[in-house]
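Asks: Below are the structure tokens for one structure; questions will follow.
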Amino acid sequence: MSNLSHSSAVSASSLKTLLARYHADPHALVQILRELQAQHGWLPRPALGQIARALGVTLAHVEGVAGFYRFLHLQPVGSYRILFSDNITDRMGGSEEMLRHLCHLLKVRPGEMRADGRVSVTTTSCTGLCDQGPALLVNHHQVVTRLTPTRIDHLATLIEQKTPPEQWPVDWSRVDENIQRADVKLGVQPAPGQALAAVLARGPQAMLDELKRAKLRGRGGAGYATGTKWQLCRNAPGETRYIVCNADEGEPGTFKDRVLLMHSFDAVVEGMTIGARVVGARQGFIYLRGEYRFLLDQLQAVLQRRREAGLLGAAILGQAGFDFDLTIHLGAGAYVCGEESALIESLEGKRGTPRIRPPFPVEHGYLGQPTTVNNVETFCAVTHIALHGADWWRGIGTAQSTGTKLHSVSGDCERPGIYEYPFGTRIGRILEDCGARNTQAVQVGGPSGVCLSASEFGRHIGFEDVHTAGAFMVFDRSRDMFEVALNFAQFFAHESCGFCTPCRVGTQLVLRRMDKLKRGYGSGDDVQILFELDKLMHSATHCGLGATACNPLRDTIAKFRPAYDKYVTSLHFVPGFDMDAELSQARLATGRDDHGAHLETLA
Amino acid sequence: MTDHSRIDALSPGTFTLDGEEVEFGPGDSILQAATRAGYYIPHLCWHPDFGAKGSCRLCTVRINGRSGAACAVQAASGQEVESNTDDLNAQRKTLLQMMFIEGNHFCPSCEKSGNCKLQATAYAMGMEGPHFEEFYPSRRVDASHPDLLLDLNRCIQCLLCIRASHDADGKDVFAIGGHGIQTHLLVNSPSGLLGDSAIAATDRAANICPVGAILPKRVGFVIPIGQRSFDVKPISEQLEGAKP
């Protein structure tokens, strides 16, 4: 930790080396800022000025980009920066109490840096370790899983002793794959290059036809037909084309992409290489969420091994002219970058604000060129289809939803982890298999997905019925569904990019309304306003984040109304503040605390 | 993000706006075409001289039944656009209320009153009060420039000054910073202050602000309240970009 500093003086030579490594390319701004921060701990303004000059952009632009990402800091933060994952599943495991306990032990306030600059402790959105949480992230690099109060005690001691995180007990950072049920994608892995050879033999057009016949649909949430997307990209006019893998798995409760990256990364890269062959791309990117920084070295090693095996780089598999290579781009804490056009903006070194669409990325994507963006799981599926054919793939799943889907199961169940099922699987079946008992509700697809109550457990996973991006959070009857909705409201308010009015203000208003209810000042009027906000945000926001931000609210109000009603004290308007509490400053100033200084006794 | 023209929008044609036929040219957005023809679709972040951003969302209309921002959707033949409906105007009123409560807007004491597009649009949409609780954020006032005042309390993040400074002035004096509810305007200068920036009072960026966030100094009350643009005629009758 000794290299981290709270001074604003950044080593000129290391900054110069960093800028040279990225050829002073303004499109690499997010990566440059991330790496500078990894070296220096935070981003001092003079260094931003140096970067701006080197990149030929304005200081305000650099400051604007840095200020967009939750993991980049324009003010000094502690040498140990502790971020507790704040998903509802972490909270169910006691994360809030553990955060308070750690802050107490370290004598630091949540969200602030300790006066000696040693440590800061706060929360971050779900880190994708829900099956082995509660979890935390240290210095945006290392994770600690399976937190217990004992582990927190030990952790506080290590921080006080200035033990570098890399010397903490190895077991603390253990991340398990937790594959509970494997089907084709998580089963026997194809030999690297095998599917690619099949595609080279078949030809790109035939592979495209095969994908279309397989009826493969995107696994990231939108469910767009992969074959059609690739066809559009292949046919779009452009000087070059790009393939992008969306590994910005930010939807709370989702960790299936992490497991695919750990377990089946060869198949993912092979799918991207097949994509490059089909659309005619020479360069690709993997947009890896910042929370998965701990996977970076092992992923780079796989890429290197594939280069050495002639599966990436020039003349892949000896085919002259088939050149393709990949760069891993690290995110810096911004859920909205999971939206493909925001992801592309971020890849270009900008704030991750979603673009106006159309034009869609397939015709106007990275640097204005046709770009195919697909989810990790989609690329993995492509590899299997290339190897086994469309008929085999269509034999799995249902008519409209072919193949398998991975589910990240967490919450109240005996066996959390990854479950791969053919599409068409009944919700109740998944609950039985994971050992869920006395289940009240399941949040499928994360906060932007759908909340199902017990009467709906007979429904099926698939585009025809219950659509999912891969999260499956289980809540038993001991849980307060209002707390679940409140956690999701906090998530959306935290992650709104701030670009459009309805999402920027609406997510705040929802949160304030929920807080008001929780504080016991709720009324029927507040619930009515929540309905109004839901309606507005569904029809007026710039992108899907805002449009889906009220989904959990809508579902929980509709299906778990008593959870709200217990906070509703009046049918009519109740002000959101405590009149007597407002007088506390006056009492302080006058030194009075007698009956006459309190409001309720005045009447 | 500069070229939004698409092959299917390259030929001129007509669409209907609330039942009236509107002609559009190649590459026109619905808002561009409607404004040129003299129809008012409420908007704040759009200006005919600069590209669309789609951030304020006031111009949200229904196009063949689907919601879309009129500034960001290309006009196409056969579109049926609904704009002046009770539902959409109610939605606009809510969006305006959101803009008021997230900042600090005190119309009676604001120099811009009567010339303010936020105020004028709120009148046009029948807004009578904030509806939601005010956020009362703590925002910066920057009086460092000799001729201009920057008061972020009134900024609605329309991004017009950013576009004007880039496109018209070639100066890039402004940028956007932060995220979520903390999103704010940034000034490009070593100190971050407007007085140290390259902006001049005659710049387009200094005169594009629809609200009172960027104001010229010393002329605030030269025209008395009661005789200002929107005191005389409602905003719906003073469209910038309409054919004379």
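Lettering and numbering for the structure tokens are positional, with chains as A, B, ... in the shown order, residues counted from 1 in each chain, and ligands counted from 1 in the shown order.
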Do you have, as CSV, the list of residues of chain B lying at most 6 Å from chain A, each with its nearest atom pair and that distance in Å to one decimal, counting only C-alpha atoms and ordered by chain then number?
Replies:
```
residue,atom,partner,partner_atom,distance
B:Ser55,CA,A:Cys500,CA,4.3
B:Cys56,CA,A:Thr501,CA,5.4
B:Ser67,CA,A:Ser539,CA,5.9
B:Ala175,CA,A:Ala60,CA,5.7
B:Ile176,CA,A:Gly64,CA,5.4
B:Gly177,CA,A:Gly64,CA,3.9
B:Gly178,CA,A:Gly67,CA,4.5
B:His179,CA,A:Phe68,CA,5.1
B:Gly180,CA,A:Gly498,CA,3.8
B:Ile181,CA,A:Arg504,CA,5.5
B:Thr183,CA,A:Gly498,CA,5.7
B:Asn188,CA,A:Ala60,CA,4.6
```
Asks: Write out the residues from the selection above, keeping C-alpha atoms, as an mmCIF file, in the first residue's frame.
Replies:
```
data_model
loop_
_atom_site.group_PDB
_atom_site.id
_atom_site.type_symbol
_atom_site.label_atom_id
_atom_site.label_comp_id
_atom_site.auth_asym_id
_atom_site.auth_seq_id
_atom_site.Cartn_x
_atom_site.Cartn_y
_atom_site.Cartn_z
ATOM 1 C CA SER B 55 -32.466 14.491 -22.340
ATOM 2 C CA CYS B 56 -35.400 16.607 -21.145
ATOM 3 C CA SER B 67 -43.590 6.469 -27.020
ATOM 4 C CA ALA B 175 -18.948 19.598 -20.247
ATOM 5 C CA ILE B 176 -21.132 17.418 -18.075
ATOM 6 C CA GLY B 177 -19.877 15.813 -14.871
ATOM 7 C CA GLY B 178 -21.032 13.557 -12.047
ATOM 8 C CA HIS B 179 -23.795 11.004 -12.321
ATOM 9 C CA GLY B 180 -27.375 10.393 -11.234
ATOM 10 C CA ILE B 181 -28.958 13.213 -9.280
ATOM 11 C CA THR B 183 -25.027 15.289 -12.556
ATOM 12 C CA ASN B 188 -13.403 23.957 -18.786
#
```
Asks: Which residues are close to Val574 (chain A), i.e. within 12 Å by only C-alpha atoms, leaving aside same-chain residues fewer than 4 positions away? Reply as a list in words.
Replies: Arg513, Lys516, Leu517, Arg519, Gly520, Tyr521, Gly522, Ser523, Gly524, Asp525, Asp526, Val527, Tyr567, Val568, Thr569, Ser570, Asp578 and Met579 of chain A; Glu133 of chain B
Asks: Would you pick out the contacts of Ser478 (chain A) at 10 Å or less, using only C-alpha atoms, so that residues sharing its chain but fewer than 6 positions from it are not included, and give the list as a ChimeraX atom specification?
Replies: /A:412,438-440
Asks: Write out as a CSV table (one decimal) with N, CA and C atoms, in the first residue's frame each polymer residue whose atoms come within 9 Å of Phe294 (chain A), counting only C-alpha atoms; drop sequence neighbours fewer than 5 positions from it.
Replies:
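Printed below is part.csv as written:
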```
chain,number,residue,atom,x,y,z
A,140,HIS,N,-11.0,-1.9,-5.4
A,140,HIS,CA,-11.6,-2.2,-6.7
A,140,HIS,C,-10.8,-3.3,-7.4
A,141,HIS,N,-10.3,-4.2,-6.7
A,141,HIS,CA,-9.4,-5.2,-7.3
A,141,HIS,C,-9.6,-6.6,-6.7
A,142,GLN,N,-9.6,-6.7,-5.3
A,142,GLN,CA,-9.7,-8.0,-4.7
A,142,GLN,C,-11.0,-8.2,-4.0
A,143,VAL,N,-11.6,-9.4,-4.0
A,143,VAL,CA,-12.9,-9.6,-3.3
A,143,VAL,C,-12.6,-10.4,-2.1
```
Asks: With only C-alpha atoms as the counted atoms, please give the residues lying no more than 12 Å from Arg307 (chain A), apart from itself and same-chain residues fewer than 4 positions off, as an MDAnalysis selection string.
Replies: chainID A and resid 192:193 266 269:270 273 300:303 311:317 323:326
Asks: Looking at B:Leu44, B:Met98, B:Ile30, B:Val187, which one is nearest to Lys171 (chain B), with distances taken over only C-alpha atoms?
Replies: B:Val187
Asks: If you run DSSP over the backbone, which residues in region 36-133 of chain B end up strand (DSSP E or B)? Put them as JSON, numbers by chain.
Replies: {"B": [60, 61, 62, 63, 66, 67, 68, 69, 74, 80, 81, 82]}
Asks: Given the selection you just returned, output its residues as a file containing N, CA and C atoms, formatted as a tab-separated table (two decimals), in the first residue's frame.
Replies:
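Ended up saving to selection-v8.tsv:
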```tsv
chain	number	residue	atom	x	y	z
B	60	THR	N	-41.68	14.06	-25.68
B	60	THR	CA	-42.17	12.69	-25.84
B	60	THR	C	-43.58	12.69	-26.44
B	61	VAL	N	-43.71	11.98	-27.53
B	61	VAL	CA	-45.00	11.87	-28.23
B	61	VAL	C	-45.30	10.39	-28.43
B	62	ARG	N	-46.46	10.09	-28.99
B	62	ARG	CA	-46.71	8.71	-29.37
B	62	ARG	C	-46.71	8.61	-30.89
B	63	ILE	N	-45.86	7.69	-31.37
B	63	ILE	CA	-45.73	7.49	-32.80
B	63	ILE	C	-46.30	6.12	-33.12
B	66	ARG	N	-46.52	4.15	-30.06
B	66	ARG	CA	-45.34	3.92	-29.22
B	66	ARG	C	-44.70	5.22	-28.78
B	67	SER	N	-44.22	5.25	-27.55
B	67	SER	CA	-43.59	6.47	-27.02
B	67	SER	C	-42.23	6.72	-27.65
B	68	GLY	N	-41.92	7.98	-27.90
B	68	GLY	CA	-40.60	8.33	-28.40
B	68	GLY	C	-40.41	9.83	-28.27
B	69	ALA	N	-39.17	10.27	-28.14
B	69	ALA	CA	-38.89	11.71	-28.07
B	69	ALA	C	-38.91	12.26	-29.49
B	74	GLN	N	-36.65	9.94	-36.18
B	74	GLN	CA	-36.70	10.41	-37.57
B	74	GLN	C	-38.14	10.41	-38.09
B	80	GLU	N	-48.24	8.19	-37.59
B	80	GLU	CA	-49.33	8.92	-36.95
B	80	GLU	C	-48.82	9.35	-35.58
B	81	VAL	N	-48.62	10.66	-35.43
B	81	VAL	CA	-48.01	11.18	-34.21
B	81	VAL	C	-49.07	11.87	-33.36
B	82	GLU	N	-49.14	11.48	-32.10
B	82	GLU	CA	-50.02	12.17	-31.16
B	82	GLU	C	-49.15	12.98	-30.22
```
Asks: Enumerate the residues of region 201-409 of chain A with a DSSP assignment of alpha helix (DSSP H), computed from the backbone, and present them as a count of residues only.
Replies: 85
Asks: Kindly give the distance, in Å, that separates CA of Leu102 (chain A) and CA of Thr148 (chain A), rounded to a single decimal.
Replies: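 Distance between the two atoms: 11.1 Å.
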Asks: Please provide the set of residues having any atom within 12 Å of Phe221 (chain B), restricted to only C-alpha atoms, with same-chain residues fewer than 6 positions apart removed, written as a list in words.
Replies: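 Everything that qualifies: Ser109, Cys110, Glu111, Lys112, Ser113, Gly114, Asn115, Leu215, Gln227 and Arg228 of chain B.
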Asks: Hey, can you spit out that residue selection with C-alpha atoms as a short mmCIF file (atom, residue, chain, number, x, y, z; two decimals), in the first residue's frame?
Replies:
```
data_model
loop_
_atom_site.label_atom_id
_atom_site.label_comp_id
_atom_site.auth_asym_id
_atom_site.auth_seq_id
_atom_site.Cartn_x
_atom_site.Cartn_y
_atom_site.Cartn_z
CA SER B 109 -36.71 36.79 -7.73
CA CYS B 110 -35.13 35.42 -10.91
CA GLU B 111 -33.77 37.83 -13.52
CA LYS B 112 -34.87 35.44 -16.25
CA SER B 113 -38.55 35.50 -15.27
CA GLY B 114 -40.63 36.23 -18.35
CA ASN B 115 -37.84 35.16 -20.68
CA LEU B 215 -26.98 35.17 -17.56
CA GLN B 227 -42.91 43.31 -20.90
CA ARG B 228 -40.72 40.28 -21.58
#
```
Asks: Which one of A:Thr89, A:Ser346, A:Asp171, A:Val108 sits closest to Phe488 (chain A) if you count only C-alpha atoms?
Replies: A:Thr89
Asks: Compare B:Asp142, B:Glu240, B:Asp169, B:Glu23 by their minimum atom-to-atom distance to Ala213 (chain B), counting only C-alpha atoms, and give me the closest one.
Replies: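 For Ala213 (chain B), the nearest of the given residues is B:Asp142.
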Asks: Need to verify the contact set: Leu216 (chain A), 9 Å, only C-alpha atoms, exclusion of same-chain residues closer than 4 positions in sequence. Can you return it as a ChimeraX atom specification?
Replies: /A:211-212,223-227,378,381-382,385,390,393-394,401-403
Asks: For the residues in the current selection, export C-alpha atoms as a compact mmCIF listing (two decimals), in the first residue's frame.
Replies:
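Saved as out-v8.txt:
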```
# COMPACT_ATOMS: atom_id res chain seq x y z
CA LEU A 211 -27.63 -19.63 -36.33
CA LYS A 212 -30.89 -18.38 -37.78
CA GLY A 223 -33.68 -11.52 -26.48
CA TYR A 224 -32.90 -10.20 -29.96
CA ALA A 225 -32.35 -12.86 -32.64
CA THR A 226 -28.58 -13.35 -32.83
CA GLY A 227 -28.56 -14.46 -36.46
CA THR A 378 -24.80 -15.91 -26.24
CA ALA A 381 -24.11 -20.80 -27.23
CA VAL A 382 -22.78 -19.90 -30.69
CA ILE A 385 -24.30 -24.48 -32.26
CA ALA A 390 -29.04 -26.02 -35.42
CA TRP A 393 -29.88 -26.93 -30.53
CA ARG A 394 -33.53 -26.66 -31.49
CA SER A 401 -36.95 -20.32 -26.80
CA THR A 402 -34.35 -22.76 -28.03
CA GLY A 403 -31.43 -24.15 -26.08
```
Asks: Which is closer to Glu97 (chain A) than all the others in A:Pro354, A:Ala115, A:Pro110, A:Ile461, using only C-alpha atoms?
Replies: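 Once distances to Glu97 (chain A) are computed over only C-alpha atoms, the minimum belongs to A:Pro110.
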